[in-house]
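Asks: Structure supplied as protein05.txt; contents: compact mmCIF, C-alpha atoms.
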```txt
# COMPACT_ATOMS: atom_id res chain seq x y z
CA MET A 4 -52.71 87.91 -123.39
CA THR A 5 -53.91 85.41 -125.92
CA GLY A 6 -53.43 85.70 -129.65
CA SER A 7 -57.03 86.66 -130.35
CA ASP A 8 -56.85 89.50 -127.81
CA ASP A 9 -53.78 90.89 -129.56
CA ASN A 10 -55.61 90.70 -132.83
CA GLY A 11 -58.65 92.51 -131.41
CA GLU A 12 -56.39 95.20 -129.97
CA ALA A 13 -54.70 95.74 -133.33
CA GLN A 14 -58.05 95.91 -135.09
CA LEU A 15 -59.35 98.42 -132.58
CA ARG A 16 -56.27 100.57 -133.12
CA LYS A 17 -56.71 100.37 -136.89
CA PHE A 18 -60.36 101.37 -136.52
CA GLN A 19 -59.45 104.33 -134.28
CA LYS A 20 -56.84 105.46 -136.76
CA GLU A 21 -59.32 105.41 -139.62
CA LEU A 22 -61.96 107.12 -137.54
CA SER A 23 -59.61 109.88 -136.44
CA ALA A 24 -58.50 110.82 -139.98
CA GLY A 25 -61.35 113.25 -140.61
CA THR A 26 -62.67 113.90 -137.12
CA VAL A 27 -59.40 115.44 -135.93
CA SER A 28 -59.51 118.02 -138.75
CA LEU A 29 -63.11 118.81 -137.86
CA ALA A 30 -62.29 119.17 -134.15
CA LEU A 31 -59.32 121.46 -134.88
CA LEU A 32 -61.45 123.72 -137.06
CA ALA A 33 -64.12 123.84 -134.36
CA VAL A 34 -61.64 124.68 -131.58
CA LEU A 35 -60.15 127.52 -133.62
CA ASP A 36 -63.60 128.76 -134.63
CA ARG A 37 -64.71 129.00 -130.97
CA SER A 38 -61.50 130.65 -129.83
CA PRO A 39 -61.64 134.46 -129.68
CA ALA A 40 -57.87 134.78 -130.21
CA PRO A 41 -55.40 132.90 -132.43
CA MET A 42 -53.93 129.84 -130.71
CA TYR A 43 -50.61 128.01 -130.98
CA GLY A 44 -50.10 124.29 -131.29
CA TYR A 45 -49.60 123.52 -127.62
CA GLN A 46 -52.69 125.50 -126.56
CA ILE A 47 -54.83 123.73 -129.14
CA ALA A 48 -53.51 120.35 -128.01
CA LYS A 49 -54.29 121.15 -124.36
CA THR A 50 -57.81 122.38 -125.20
CA LEU A 51 -58.56 119.15 -127.00
CA GLU A 52 -57.00 117.16 -124.16
CA ARG A 53 -59.51 118.67 -121.70
CA VAL A 54 -62.54 117.58 -123.71
CA GLY A 55 -60.93 114.75 -125.66
CA GLU A 56 -62.47 111.31 -125.46
CA GLY A 57 -62.12 108.43 -127.88
CA VAL A 58 -60.04 109.19 -130.93
CA LEU A 59 -59.46 112.81 -129.87
CA SER A 60 -57.50 111.60 -126.83
CA GLY A 61 -54.78 110.15 -129.05
CA LYS A 62 -51.20 111.35 -129.11
CA GLN A 63 -51.04 115.11 -129.45
CA SER A 64 -48.14 115.03 -131.88
CA ALA A 65 -50.69 113.89 -134.48
CA LEU A 66 -52.33 117.33 -134.38
CA TYR A 67 -49.40 119.30 -135.78
CA PRO A 68 -49.24 117.73 -139.25
CA VAL A 69 -53.02 118.13 -139.53
CA LEU A 70 -52.77 121.82 -138.59
CA ARG A 71 -50.08 122.31 -141.21
CA ASN A 72 -52.12 120.59 -143.88
CA LEU A 73 -55.26 122.56 -143.01
CA GLU A 74 -53.15 125.66 -143.44
CA ALA A 75 -51.81 124.43 -146.78
CA GLY A 76 -55.42 123.86 -147.84
CA GLY A 77 -56.30 127.50 -147.01
CA LEU A 78 -58.66 126.61 -144.16
CA LEU A 79 -56.35 128.11 -141.54
CA ASP A 80 -53.78 130.82 -141.64
CA SER A 81 -50.87 131.36 -139.31
CA PHE A 82 -48.19 133.76 -138.14
CA VAL A 83 -45.12 133.47 -135.95
CA GLU A 84 -44.66 135.51 -132.82
CA PRO A 85 -41.73 135.43 -130.43
CA SER A 86 -42.56 134.30 -126.90
CA ASP A 87 -40.81 135.17 -123.66
CA ALA A 88 -40.87 131.56 -122.50
CA GLY A 89 -38.99 129.60 -125.13
CA PRO A 90 -39.10 129.41 -128.87
CA PRO A 91 -41.17 131.59 -131.21
CA ARG A 92 -44.66 130.19 -131.58
CA ARG A 93 -46.80 129.67 -134.62
CA TYR A 94 -50.33 130.95 -134.04
CA TYR A 95 -53.24 129.62 -136.07
CA ARG A 96 -56.62 131.17 -136.79
CA ILE A 97 -59.51 130.04 -138.97
CA THR A 98 -60.12 131.64 -142.37
CA ALA A 99 -63.42 132.39 -144.14
CA PRO A 100 -63.09 129.25 -146.34
CA GLY A 101 -62.29 127.39 -143.12
CA ARG A 102 -65.59 128.53 -141.57
CA ASP A 103 -67.48 127.41 -144.68
CA ALA A 104 -65.73 124.05 -144.53
CA LEU A 105 -66.52 123.74 -140.81
CA ARG A 106 -70.23 124.33 -141.47
CA ASP A 107 -70.34 121.72 -144.24
CA TRP A 108 -68.22 119.21 -142.33
CA ALA A 109 -70.25 119.66 -139.14
CA ALA A 110 -73.47 118.98 -141.08
CA ALA A 111 -71.88 115.88 -142.63
CA TRP A 112 -70.68 114.77 -139.19
CA ARG A 113 -74.09 115.17 -137.55
CA ALA A 114 -75.85 113.31 -140.34
CA THR A 115 -73.30 110.48 -140.12
CA ARG A 116 -73.42 110.34 -136.32
CA ASP A 117 -77.23 110.18 -136.28
CA SER A 118 -77.47 107.46 -138.86
CA VAL A 119 -74.63 105.43 -137.31
CA ASP A 120 -76.36 105.74 -133.91
CA SER A 121 -79.69 104.58 -135.27
CA VAL A 122 -78.06 101.63 -137.00
CA LEU A 123 -76.20 100.73 -133.78
CA GLU A 124 -79.40 100.93 -131.72
CA GLY A 125 -81.12 98.70 -134.24
CA ALA A 126 -78.27 96.24 -133.98
CA SER A 127 -78.29 96.04 -130.17
CA GLU A 128 -82.01 95.37 -129.86
CA MET B 8 -42.93 100.92 -126.40
CA SER B 9 -39.36 102.08 -126.19
CA HIS B 10 -36.53 99.72 -125.34
CA GLU B 11 -34.15 102.64 -125.19
CA ARG B 12 -33.79 104.73 -122.06
CA LEU B 13 -36.31 107.57 -122.04
CA PRO B 14 -34.57 110.88 -122.83
CA THR B 15 -34.20 113.31 -119.94
CA THR B 16 -33.47 116.59 -121.74
CA ILE B 17 -35.10 118.34 -124.67
CA PRO B 18 -32.04 118.07 -126.97
CA GLU B 19 -31.88 114.35 -126.14
CA TYR B 20 -35.56 113.91 -126.96
CA LEU B 21 -35.11 115.73 -130.27
CA GLU B 22 -32.00 113.70 -131.09
CA HIS B 23 -33.95 110.53 -130.32
CA LEU B 24 -36.80 111.71 -132.58
CA ARG B 25 -34.35 112.56 -135.35
CA ARG B 26 -32.90 109.06 -135.14
CA SER B 27 -36.36 107.49 -135.21
CA LEU B 28 -37.17 109.45 -138.37
CA ALA B 29 -34.00 108.34 -140.15
CA GLY B 30 -34.63 107.86 -143.83
CA ALA B 31 -37.77 110.04 -143.87
CA ASP B 32 -38.09 113.10 -146.07
CA PRO B 33 -35.66 115.68 -144.58
CA ALA B 34 -38.30 118.41 -144.83
CA LEU B 35 -40.67 116.26 -142.78
CA VAL B 36 -37.91 115.70 -140.22
CA GLN B 37 -37.36 119.44 -139.89
CA ASP B 38 -41.09 120.08 -139.38
CA ALA B 39 -41.40 117.23 -136.86
CA LEU B 40 -38.45 118.53 -134.82
CA TYR B 41 -39.85 122.05 -134.84
CA ASP B 42 -43.30 120.90 -133.66
CA ALA B 43 -41.87 118.69 -130.93
CA GLU B 44 -39.63 121.47 -129.65
CA GLU B 45 -42.53 123.91 -129.54
CA TYR B 46 -44.59 121.44 -127.53
CA LEU B 47 -41.81 120.45 -125.15
CA ARG B 48 -40.75 124.02 -124.43
CA SER B 49 -44.36 125.16 -123.91
CA GLU B 50 -44.95 122.25 -121.54
CA LEU B 51 -41.78 123.15 -119.65
CA ALA B 52 -42.84 126.80 -119.43
CA GLU B 53 -46.31 125.79 -118.13
CA ASN B 54 -44.80 123.68 -115.34
CA PRO B 55 -42.08 125.84 -113.82
CA GLY B 56 -41.87 123.67 -110.68
CA ARG B 57 -40.94 120.45 -112.49
CA SER B 58 -37.60 119.35 -113.83
CA GLU B 59 -36.93 118.81 -117.50
CA ALA B 60 -36.74 115.04 -117.00
CA GLU B 61 -40.14 114.95 -115.23
CA VAL B 62 -41.75 117.04 -117.95
CA ILE B 63 -40.38 114.79 -120.67
CA ALA B 64 -41.58 111.69 -118.83
CA ALA B 65 -45.08 113.21 -118.66
CA VAL B 66 -44.93 114.24 -122.30
CA ALA B 67 -44.28 110.68 -123.42
CA SER B 68 -47.89 109.81 -122.63
CA SER B 69 -49.54 113.00 -123.95
CA TYR B 70 -47.39 114.00 -126.93
CA GLY B 71 -45.84 110.60 -127.48
CA ALA B 72 -42.48 108.92 -127.10
CA PRO B 73 -40.02 109.72 -129.91
CA GLU B 74 -40.68 106.44 -131.76
CA GLU B 75 -44.45 106.94 -131.58
CA VAL B 76 -44.14 110.53 -132.78
CA ALA B 77 -41.99 109.35 -135.68
CA ASP B 78 -44.60 106.77 -136.68
CA ILE B 79 -47.39 109.34 -136.41
CA TYR B 80 -45.58 111.80 -138.66
CA ARG B 81 -44.77 109.18 -141.27
CA ASP B 82 -48.41 108.09 -141.21
CA THR B 83 -50.31 111.36 -140.94
CA GLU B 84 -48.25 113.06 -143.59
CA VAL B 85 -49.19 110.44 -146.17
CA LYS B 86 -52.82 110.17 -145.11
CA VAL B 87 -53.69 113.85 -144.78
CA GLN B 88 -51.88 114.86 -147.91
CA THR B 89 -53.75 112.35 -149.99
CA ALA B 90 -57.02 113.43 -148.37
CA LEU B 91 -56.66 117.20 -148.66
CA ARG B 92 -54.71 117.66 -151.87
CA ALA B 93 -56.27 117.53 -155.32
CA PRO B 94 -55.78 114.04 -156.74
CA SER B 95 -53.02 113.72 -159.30
CA PRO B 96 -54.21 112.74 -162.78
CA PRO B 97 -54.07 109.01 -163.51
CA PRO B 98 -50.86 108.11 -165.35
CA ARG B 99 -51.37 107.63 -169.04
CA ARG B 100 -50.42 104.26 -170.44
CA SER B 101 -49.71 104.74 -174.14
CA LEU B 102 -46.57 106.46 -175.42
CA ALA B 103 -48.61 109.06 -177.30
CA GLY B 104 -50.79 109.60 -174.25
CA ARG B 105 -47.76 110.23 -172.12
CA PHE B 106 -46.28 112.62 -174.67
CA PHE B 107 -49.42 114.69 -175.28
CA GLY B 108 -50.78 114.30 -171.75
CA VAL B 109 -48.18 116.80 -170.53
CA PHE B 110 -50.54 119.61 -171.49
CA ALA B 111 -53.02 118.48 -168.85
CA ASP B 112 -50.32 118.40 -166.15
CA PRO B 113 -50.43 121.55 -163.99
CA ARG B 114 -46.87 120.77 -162.85
CA ALA B 115 -45.56 121.49 -166.37
CA TYR B 116 -47.15 124.96 -166.47
CA ALA B 117 -45.91 125.74 -162.97
CA SER B 118 -42.38 124.69 -163.94
CA LEU B 119 -42.57 126.85 -167.05
CA PHE B 120 -43.57 129.80 -164.90
CA TYR B 121 -40.86 129.03 -162.35
CA MET B 122 -38.25 129.09 -165.14
CA VAL B 123 -39.36 132.56 -166.22
CA LEU B 124 -39.49 133.79 -162.63
CA ALA B 125 -36.02 132.34 -161.95
CA LEU B 126 -34.43 135.18 -163.89
CA ALA B 127 -35.89 137.77 -161.51
CA THR B 128 -35.36 135.79 -158.30
CA GLY B 129 -31.90 134.72 -159.48
CA ILE B 130 -30.78 138.30 -160.02
CA PHE B 131 -32.16 139.27 -156.63
CA TYR B 132 -30.57 136.38 -154.68
CA PHE B 133 -27.22 136.82 -156.42
CA THR B 134 -27.14 140.56 -155.76
CA TRP B 135 -28.24 140.09 -152.17
CA VAL B 136 -25.59 137.49 -151.36
CA VAL B 137 -22.73 139.21 -153.20
CA ALA B 138 -23.54 142.70 -151.92
CA GLY B 139 -24.47 141.57 -148.40
CA PHE B 140 -21.53 139.24 -147.93
CA SER B 141 -18.87 141.55 -149.36
CA THR B 142 -20.18 144.62 -147.52
CA SER B 143 -20.41 142.93 -144.13
CA LEU B 144 -17.14 141.02 -144.56
CA GLY B 145 -15.36 144.19 -145.67
CA LEU B 146 -16.75 146.13 -142.74
CA SER B 147 -15.96 143.42 -140.20
CA ILE B 148 -12.51 144.90 -139.66
CA THR B 149 -14.48 147.67 -137.96
CA ILE B 150 -16.98 147.04 -135.17
CA ILE B 151 -20.10 147.63 -137.35
CA GLY B 152 -19.28 144.72 -139.65
CA ILE B 153 -19.87 141.92 -137.15
CA PRO B 154 -23.55 142.65 -136.38
CA LEU B 155 -24.06 143.32 -140.08
CA LEU B 156 -22.59 139.91 -140.94
CA ILE B 157 -24.86 138.20 -138.40
CA LEU B 158 -27.90 140.05 -139.76
CA PHE B 159 -26.89 139.03 -143.25
CA PHE B 160 -26.65 135.35 -142.27
CA GLY B 161 -30.10 135.61 -140.71
CA SER B 162 -31.49 137.13 -143.89
CA VAL B 163 -30.03 134.25 -145.93
CA ARG B 164 -31.96 131.79 -143.75
CA VAL B 165 -35.21 133.69 -144.27
CA LEU B 166 -34.62 133.84 -148.03
CA SER B 167 -33.92 130.11 -148.00
CA LEU B 168 -37.36 129.46 -146.48
CA VAL B 169 -39.00 131.81 -149.02
CA GLU B 170 -37.31 130.03 -151.92
CA GLY B 171 -38.35 126.74 -150.33
CA ARG B 172 -41.99 127.82 -150.43
CA ILE B 173 -41.69 128.88 -154.09
CA VAL B 174 -40.02 125.59 -155.00
CA GLU B 175 -42.63 123.54 -153.18
CA VAL B 176 -45.60 125.36 -154.70
CA MET B 177 -44.27 125.47 -158.25
CA LEU B 178 -42.06 122.41 -158.56
CA GLY B 179 -43.85 120.13 -156.11
CA GLU B 180 -40.73 119.21 -154.12
CA ARG B 181 -41.55 119.05 -150.42
CA MET B 182 -39.52 121.69 -148.54
CA PRO B 183 -39.42 122.63 -144.84
CA ARG B 184 -42.11 125.00 -143.67
CA ARG B 185 -40.47 125.85 -140.37
CA PRO B 186 -37.01 127.14 -139.63
CA LEU B 187 -34.65 124.93 -137.65
CA TYR B 188 -34.21 125.82 -134.03
CA THR B 189 -30.70 126.69 -133.13
CA THR B 190 -29.45 124.54 -130.33
CA ARG B 191 -30.49 126.02 -127.03
CA GLY B 192 -28.28 126.43 -124.02
CA ARG B 193 -25.40 127.73 -126.10
CA SER B 194 -23.98 131.17 -125.54
CA LEU B 195 -24.53 133.96 -128.03
CA TRP B 196 -20.95 133.65 -129.27
CA GLN B 197 -21.24 129.91 -129.73
CA ARG B 198 -24.42 130.43 -131.75
CA ILE B 199 -22.71 132.99 -133.94
CA GLY B 200 -19.89 130.50 -134.40
CA ASP B 201 -22.46 127.85 -135.38
CA MET B 202 -23.65 130.08 -138.20
CA PHE B 203 -20.19 129.97 -139.74
CA THR B 204 -19.63 126.26 -139.26
CA ASP B 205 -23.12 125.16 -140.35
CA PRO B 206 -22.61 123.71 -143.84
CA ARG B 207 -26.19 124.66 -144.69
CA THR B 208 -25.35 128.37 -144.45
CA TRP B 209 -22.68 127.94 -147.10
CA SER B 210 -24.65 125.60 -149.33
CA THR B 211 -27.58 128.06 -149.22
CA MET B 212 -25.31 130.87 -150.35
CA LEU B 213 -23.90 128.65 -153.09
CA TYR B 214 -27.46 127.94 -154.23
CA PHE B 215 -28.25 131.67 -154.35
CA LEU B 216 -25.11 132.36 -156.39
CA LEU B 217 -26.00 129.51 -158.76
CA MET B 218 -29.48 130.96 -159.22
CA LEU B 219 -28.19 133.78 -161.44
CA PRO B 220 -26.61 131.61 -164.19
CA LEU B 221 -29.39 129.03 -163.81
CA GLY B 222 -32.07 131.74 -163.97
CA ILE B 223 -30.57 133.15 -167.16
CA LEU B 224 -30.32 129.66 -168.64
CA TYR B 225 -33.91 128.71 -167.70
CA PHE B 226 -35.30 132.00 -168.97
CA THR B 227 -33.44 131.68 -172.28
CA ILE B 228 -34.57 128.10 -172.77
CA VAL B 229 -38.21 128.97 -172.11
CA VAL B 230 -38.25 132.06 -174.31
CA THR B 231 -36.41 130.39 -177.20
CA LEU B 232 -38.44 127.21 -177.18
CA THR B 233 -41.83 128.86 -176.80
CA THR B 234 -41.23 131.50 -179.49
CA CYS B 235 -39.97 128.86 -181.95
CA ALA B 236 -42.87 126.54 -181.20
CA LEU B 237 -45.48 129.31 -181.40
CA THR B 238 -44.08 130.76 -184.65
CA PHE B 239 -43.88 127.34 -186.30
CA THR B 240 -47.46 126.68 -185.28
CA ALA B 241 -48.83 130.10 -186.20
CA VAL B 242 -47.24 130.72 -189.63
CA PRO B 243 -48.89 127.93 -191.68
CA PRO B 244 -52.48 128.89 -190.63
CA LEU B 245 -51.66 132.55 -191.38
CA VAL B 246 -50.66 131.61 -194.94
CA TRP B 247 -53.62 129.28 -195.42
CA LEU B 248 -56.03 131.97 -194.23
CA GLY B 249 -54.49 134.51 -196.59
CA PHE B 250 -52.93 136.79 -193.97
CA ALA B 251 -49.33 135.99 -194.96
CA ASN B 252 -47.38 135.21 -198.14
CA ALA B 253 -45.20 132.13 -198.53
CA SER B 254 -41.84 131.74 -200.36
CA VAL B 255 -40.84 135.39 -199.81
CA GLN B 256 -37.10 136.09 -199.50
CA LEU B 257 -36.27 139.36 -197.75
CA ASP B 258 -32.74 139.85 -196.37
CA GLY B 259 -32.13 136.12 -196.36
CA TRP B 260 -34.28 133.23 -195.16
CA GLN B 261 -36.84 134.05 -192.49
CA ILE B 262 -39.46 132.02 -190.71
CA LEU B 263 -41.71 134.99 -190.09
CA ASN B 264 -41.20 138.57 -191.20
CA VAL B 265 -43.53 141.40 -190.29
CA ASP B 266 -42.85 144.63 -192.17
CA HIS B 267 -45.54 147.32 -191.80
CA ASP B 268 -48.66 145.47 -192.91
CA VAL B 269 -46.92 142.78 -194.93
CA VAL B 270 -46.54 139.42 -193.20
CA ALA B 271 -44.36 136.93 -195.01
CA THR B 272 -42.42 133.69 -194.58
CA SER B 273 -39.58 132.27 -196.65
CA MET B 274 -41.00 128.77 -196.28
CA PRO B 275 -42.43 127.55 -199.61
CA ALA B 276 -46.06 126.49 -199.53
CA TRP B 277 -45.25 122.76 -199.78
CA GLY B 278 -43.25 122.88 -196.56
CA LEU B 279 -45.98 124.45 -194.48
CA PRO B 280 -47.74 121.26 -193.31
CA ALA B 281 -44.44 119.82 -192.08
CA MET B 282 -43.68 123.11 -190.33
CA PHE B 283 -47.08 123.05 -188.62
CA VAL B 284 -46.56 119.50 -187.34
CA CYS B 285 -43.05 120.43 -186.12
CA GLY B 286 -44.49 123.42 -184.29
CA ILE B 287 -47.08 121.32 -182.47
CA LEU B 288 -44.50 118.69 -181.53
CA LEU B 289 -42.12 121.40 -180.33
CA LEU B 290 -44.89 122.89 -178.18
CA PHE B 291 -45.34 119.58 -176.38
CA ALA B 292 -41.60 118.99 -176.19
CA THR B 293 -41.23 122.40 -174.52
CA MET B 294 -43.66 121.37 -171.79
CA HIS B 295 -41.69 118.16 -171.25
CA VAL B 296 -38.42 120.07 -171.03
CA ALA B 297 -39.98 122.47 -168.51
CA ARG B 298 -41.31 119.65 -166.35
CA GLY B 299 -37.98 117.82 -166.47
CA ILE B 300 -35.95 120.89 -165.57
CA GLY B 301 -38.45 121.65 -162.80
CA ARG B 302 -37.88 118.21 -161.29
CA LEU B 303 -34.10 118.51 -161.49
CA HIS B 304 -34.15 121.96 -159.97
CA GLY B 305 -36.37 120.73 -157.13
CA GLN B 306 -33.73 118.11 -156.31
CA LEU B 307 -30.96 120.71 -156.43
CA ALA B 308 -32.88 123.05 -154.13
CA LYS B 309 -33.56 120.26 -151.68
CA HIS B 310 -29.93 119.18 -151.50
CA LEU B 311 -28.56 122.68 -151.04
CA LEU B 312 -31.26 124.31 -148.88
CA VAL B 313 -32.22 121.51 -146.52
CA ARG B 314 -29.63 120.41 -144.00
CA THR B 315 -28.07 117.16 -145.12
CA ALA B 316 -27.40 116.13 -141.53
CA GLN B 317 -31.12 115.41 -141.30
CA TYR B 318 -30.77 112.53 -143.71
CA ALA B 319 -28.65 110.68 -141.21
```
Let's see the structure in the file written out as structure tokens.

Replies:
Amino acid sequence: MTGSDDNGEAQLRKFQKELSAGTVSLALLAVLDRSPAPMYGYQIAKTLERVGEGVLSGKQSALYPVLRNLEAGGLLDSFVEPSDAGPPRRYYRITAPGRDALRDWAAAWRATRDSVDSVLEGASE
Amino acid sequence: MSHERLPTTIPEYLEHLRRSLAGADPALVQDALYDAEEYLRSELAENPGRSEAEVIAAVASSYGAPEEVADIYRDTEVKVQTALRAPSPPPRRSLAGRFFGVFADPRAYASLFYMVLALATGIFYFTWVVAGFSTSLGLSITIIGIPLLILFFGSVRVLSLVEGRIVEVMLGERMPRRPLYTTRGRSLWQRIGDMFTDPRTWSTMLYFLLMLPLGILYFTIVVTLTTCALTFTAVPPLVWLGFANASVQLDGWQILNVDHDVVATSMPAWGLPAMFVCGILLLFATMHVARGIGRLHGQLAKHLLVRTAQYA
């Protein structure tokens, strides 16, 4: 490993971190919106793991604080239920304000993705 | 990533995580431990064929090794909170700005409300702890007392979380949002013993007992200060608008006297402007007092309700 490679690696990690800040919240809202039943942290993490590429494939411990903050912001609500296999689990489900936020955020995401893609295509030509 | 040996059991993993989070906000530590335990135990339950050590080794790449998890929590907490919460107002520079700016600070109003509410919650907590503890302790010479005592200790933990939520919402002090897991793999009797030896149980009860005198004190301070400030501010305009008479002496010196439809003050007319200014200043001072007490009380709640072992 040369010094410049290390530097590039660190910059890539910084970029991924910045990119994940909002996209993870959006992905969590989307997963809970699609799910017919409330889900607990581990289930949500595993669902994202199955489809996760790029920044969504990061460490799953990062999801829990985001879930808690989405709940504090009123976009999710939660309840605790005892489980037969281990500790009581906290189940999350999306709220009406959460659905509104998801619609707005998804529109913002698509617009951003499209314009970033067209800029990138322009750059590679 | 880790130079330490990878943990092989869930308690070891959690201990490792706790050590990696040393110095972080104790409420954050409690949440992080809760989340990690939920994940680890779910993973273990999903893979019944694998040993605890194998599961933890696999988890290090999906959930993260303890050090990584610690970094993520330190990081995400700061980032997401600043992104999702309403921005705090920019600090005011000038002395006057800082003094009068308190009226635009939602924290001051919330503290004021908390101080009024503290009378009600204080009476409730005090009664609950005194009645619950003495009843169950008194009955524990019979067989019914022991389960009652255990139930009572459980209820104190739930109340502690409830008070934590109130304190966080109103006073802005970060408190745990999840209960602590009791150590697994201990027998029922050991766990009951833990309840008695856990210093947090006793400090929580002390906090609830303290809430009665503190609640009375807070309530009195708020009521006294706000009535004084509001009267001082309201009387001069009443006189100037012709609704009240100045320099009236009825049964001694009175700031404001309402008798049937006669409103009067003993303050002579020349003193009214000074009284008005005092009233306004007192109004702002009250908000400062409320915000200050709110901050102090938040610290008290954190030290007594959140386990101090998590600081280590």

Asks: Do a neighbour search on Phe110 of chain B at 12 Å with only C-alpha atoms, toss out local chain neighbours closer than 6 positions, and write the hits as a list in words.

Replies: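 The residues satisfying every condition are Pro96, Gly104, Tyr116, Ala117, Leu119, Ile287, Leu288, Leu290, Phe291, Ala292, Thr293, Met294, His295, Ala297 and Arg298 of chain B.
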
Asks: Considering all atoms listed in the file, extract the chain A residues located within 9 Å of chain B and return them as a ChimeraX atom specification.

Replies: /A:24-25,44-46,48,52,60-65,67-69,71-73,75-76,88-93

Asks: Could you dump the residues just selected with C-alpha atoms as a PDB file, in the coordinates of the input?

Replies:
```
ATOM      1  CA  ALA A  24     -58.500 110.820-139.980  1.00  0.00           C
ATOM      2  CA  GLY A  25     -61.350 113.250-140.610  1.00  0.00           C
ATOM      3  CA  GLY A  44     -50.100 124.290-131.290  1.00  0.00           C
ATOM      4  CA  TYR A  45     -49.600 123.520-127.620  1.00  0.00           C
ATOM      5  CA  GLN A  46     -52.690 125.500-126.560  1.00  0.00           C
ATOM      6  CA  ALA A  48     -53.510 120.350-128.010  1.00  0.00           C
ATOM      7  CA  GLU A  52     -57.000 117.160-124.160  1.00  0.00           C
ATOM      8  CA  SER A  60     -57.500 111.600-126.830  1.00  0.00           C
ATOM      9  CA  GLY A  61     -54.780 110.150-129.050  1.00  0.00           C
ATOM     10  CA  LYS A  62     -51.200 111.350-129.110  1.00  0.00           C
ATOM     11  CA  GLN A  63     -51.040 115.110-129.450  1.00  0.00           C
ATOM     12  CA  SER A  64     -48.140 115.030-131.880  1.00  0.00           C
ATOM     13  CA  ALA A  65     -50.690 113.890-134.480  1.00  0.00           C
ATOM     14  CA  TYR A  67     -49.400 119.300-135.780  1.00  0.00           C
ATOM     15  CA  PRO A  68     -49.240 117.730-139.250  1.00  0.00           C
ATOM     16  CA  VAL A  69     -53.020 118.130-139.530  1.00  0.00           C
ATOM     17  CA  ARG A  71     -50.080 122.310-141.210  1.00  0.00           C
ATOM     18  CA  ASN A  72     -52.120 120.590-143.880  1.00  0.00           C
ATOM     19  CA  LEU A  73     -55.260 122.560-143.010  1.00  0.00           C
ATOM     20  CA  ALA A  75     -51.810 124.430-146.780  1.00  0.00           C
ATOM     21  CA  GLY A  76     -55.420 123.860-147.840  1.00  0.00           C
ATOM     22  CA  ALA A  88     -40.870 131.560-122.500  1.00  0.00           C
ATOM     23  CA  GLY A  89     -38.990 129.600-125.130  1.00  0.00           C
ATOM     24  CA  PRO A  90     -39.100 129.410-128.870  1.00  0.00           C
ATOM     25  CA  PRO A  91     -41.170 131.590-131.210  1.00  0.00           C
ATOM     26  CA  ARG A  92     -44.660 130.190-131.580  1.00  0.00           C
ATOM     27  CA  ARG A  93     -46.800 129.670-134.620  1.00  0.00           C
TER      28      ARG A  93
END
```

Asks: In Å, with one decimal, what is the gap from atom CA of Tyr121 of chain B to atom CA of Thr134 of chain B?

Replies: 19.1 Å

Asks: So what do you get for atom CA of Ile97 of chain A versus atom CA of Asp80 of chain A, distance-wise?

Replies: 6.4 Å

Asks: Between atom CA of Gly299 of chain B and atom CA of Ile223 of chain B, what is the distance, to one decimal in Å?

Replies: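 Value for the atom CA of Gly299 of chain B-atom CA of Ile223 of chain B distance: 17.0 Å.
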
Asks: Using only C-alpha atoms for the distances, tell me which of A:Tyr43, A:Leu59, A:Ala33, A:Pro100 is nearest to Gln19 of chain A.

Replies: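 Looking only at the distances to Gln19 of chain A, the closest residue turns out to be A:Leu59.
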
Asks: List as a tab-separated table (two decimals) with C-alpha atoms, in the coordinates of the input the protein and nucleic acid residues near segment 234-243 of chain B, meaning an atom at most 10 Å away when only C-alpha atoms are counted, but skip any in the same chain fewer than 4 places from it.

Replies:
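Listing of around02.tsv after writing:
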```
chain	number	residue	atom	x	y	z
B	229	VAL	CA	-38.21	128.97	-172.11
B	230	VAL	CA	-38.25	132.06	-174.31
B	247	TRP	CA	-53.62	129.28	-195.42
B	248	LEU	CA	-56.03	131.97	-194.23
B	249	GLY	CA	-54.49	134.51	-196.59
B	250	PHE	CA	-52.93	136.79	-193.97
B	251	ALA	CA	-49.33	135.99	-194.96
B	252	ASN	CA	-47.38	135.21	-198.14
B	253	ALA	CA	-45.20	132.13	-198.53
B	262	ILE	CA	-39.46	132.02	-190.71
B	263	LEU	CA	-41.71	134.99	-190.09
B	270	VAL	CA	-46.54	139.42	-193.20
B	271	ALA	CA	-44.36	136.93	-195.01
B	272	THR	CA	-42.42	133.69	-194.58
B	274	MET	CA	-41.00	128.77	-196.28
B	276	ALA	CA	-46.06	126.49	-199.53
B	278	GLY	CA	-43.25	122.88	-196.56
B	279	LEU	CA	-45.98	124.45	-194.48
B	280	PRO	CA	-47.74	121.26	-193.31
B	281	ALA	CA	-44.44	119.82	-192.08
B	282	MET	CA	-43.68	123.11	-190.33
B	283	PHE	CA	-47.08	123.05	-188.62
B	284	VAL	CA	-46.56	119.50	-187.34
B	285	CYS	CA	-43.05	120.43	-186.12
B	286	GLY	CA	-44.49	123.42	-184.29
B	287	ILE	CA	-47.08	121.32	-182.47
B	288	LEU	CA	-44.50	118.69	-181.53
B	289	LEU	CA	-42.12	121.40	-180.33
B	290	LEU	CA	-44.89	122.89	-178.18
B	291	PHE	CA	-45.34	119.58	-176.38
B	292	ALA	CA	-41.60	118.99	-176.19
B	293	THR	CA	-41.23	122.40	-174.52
```
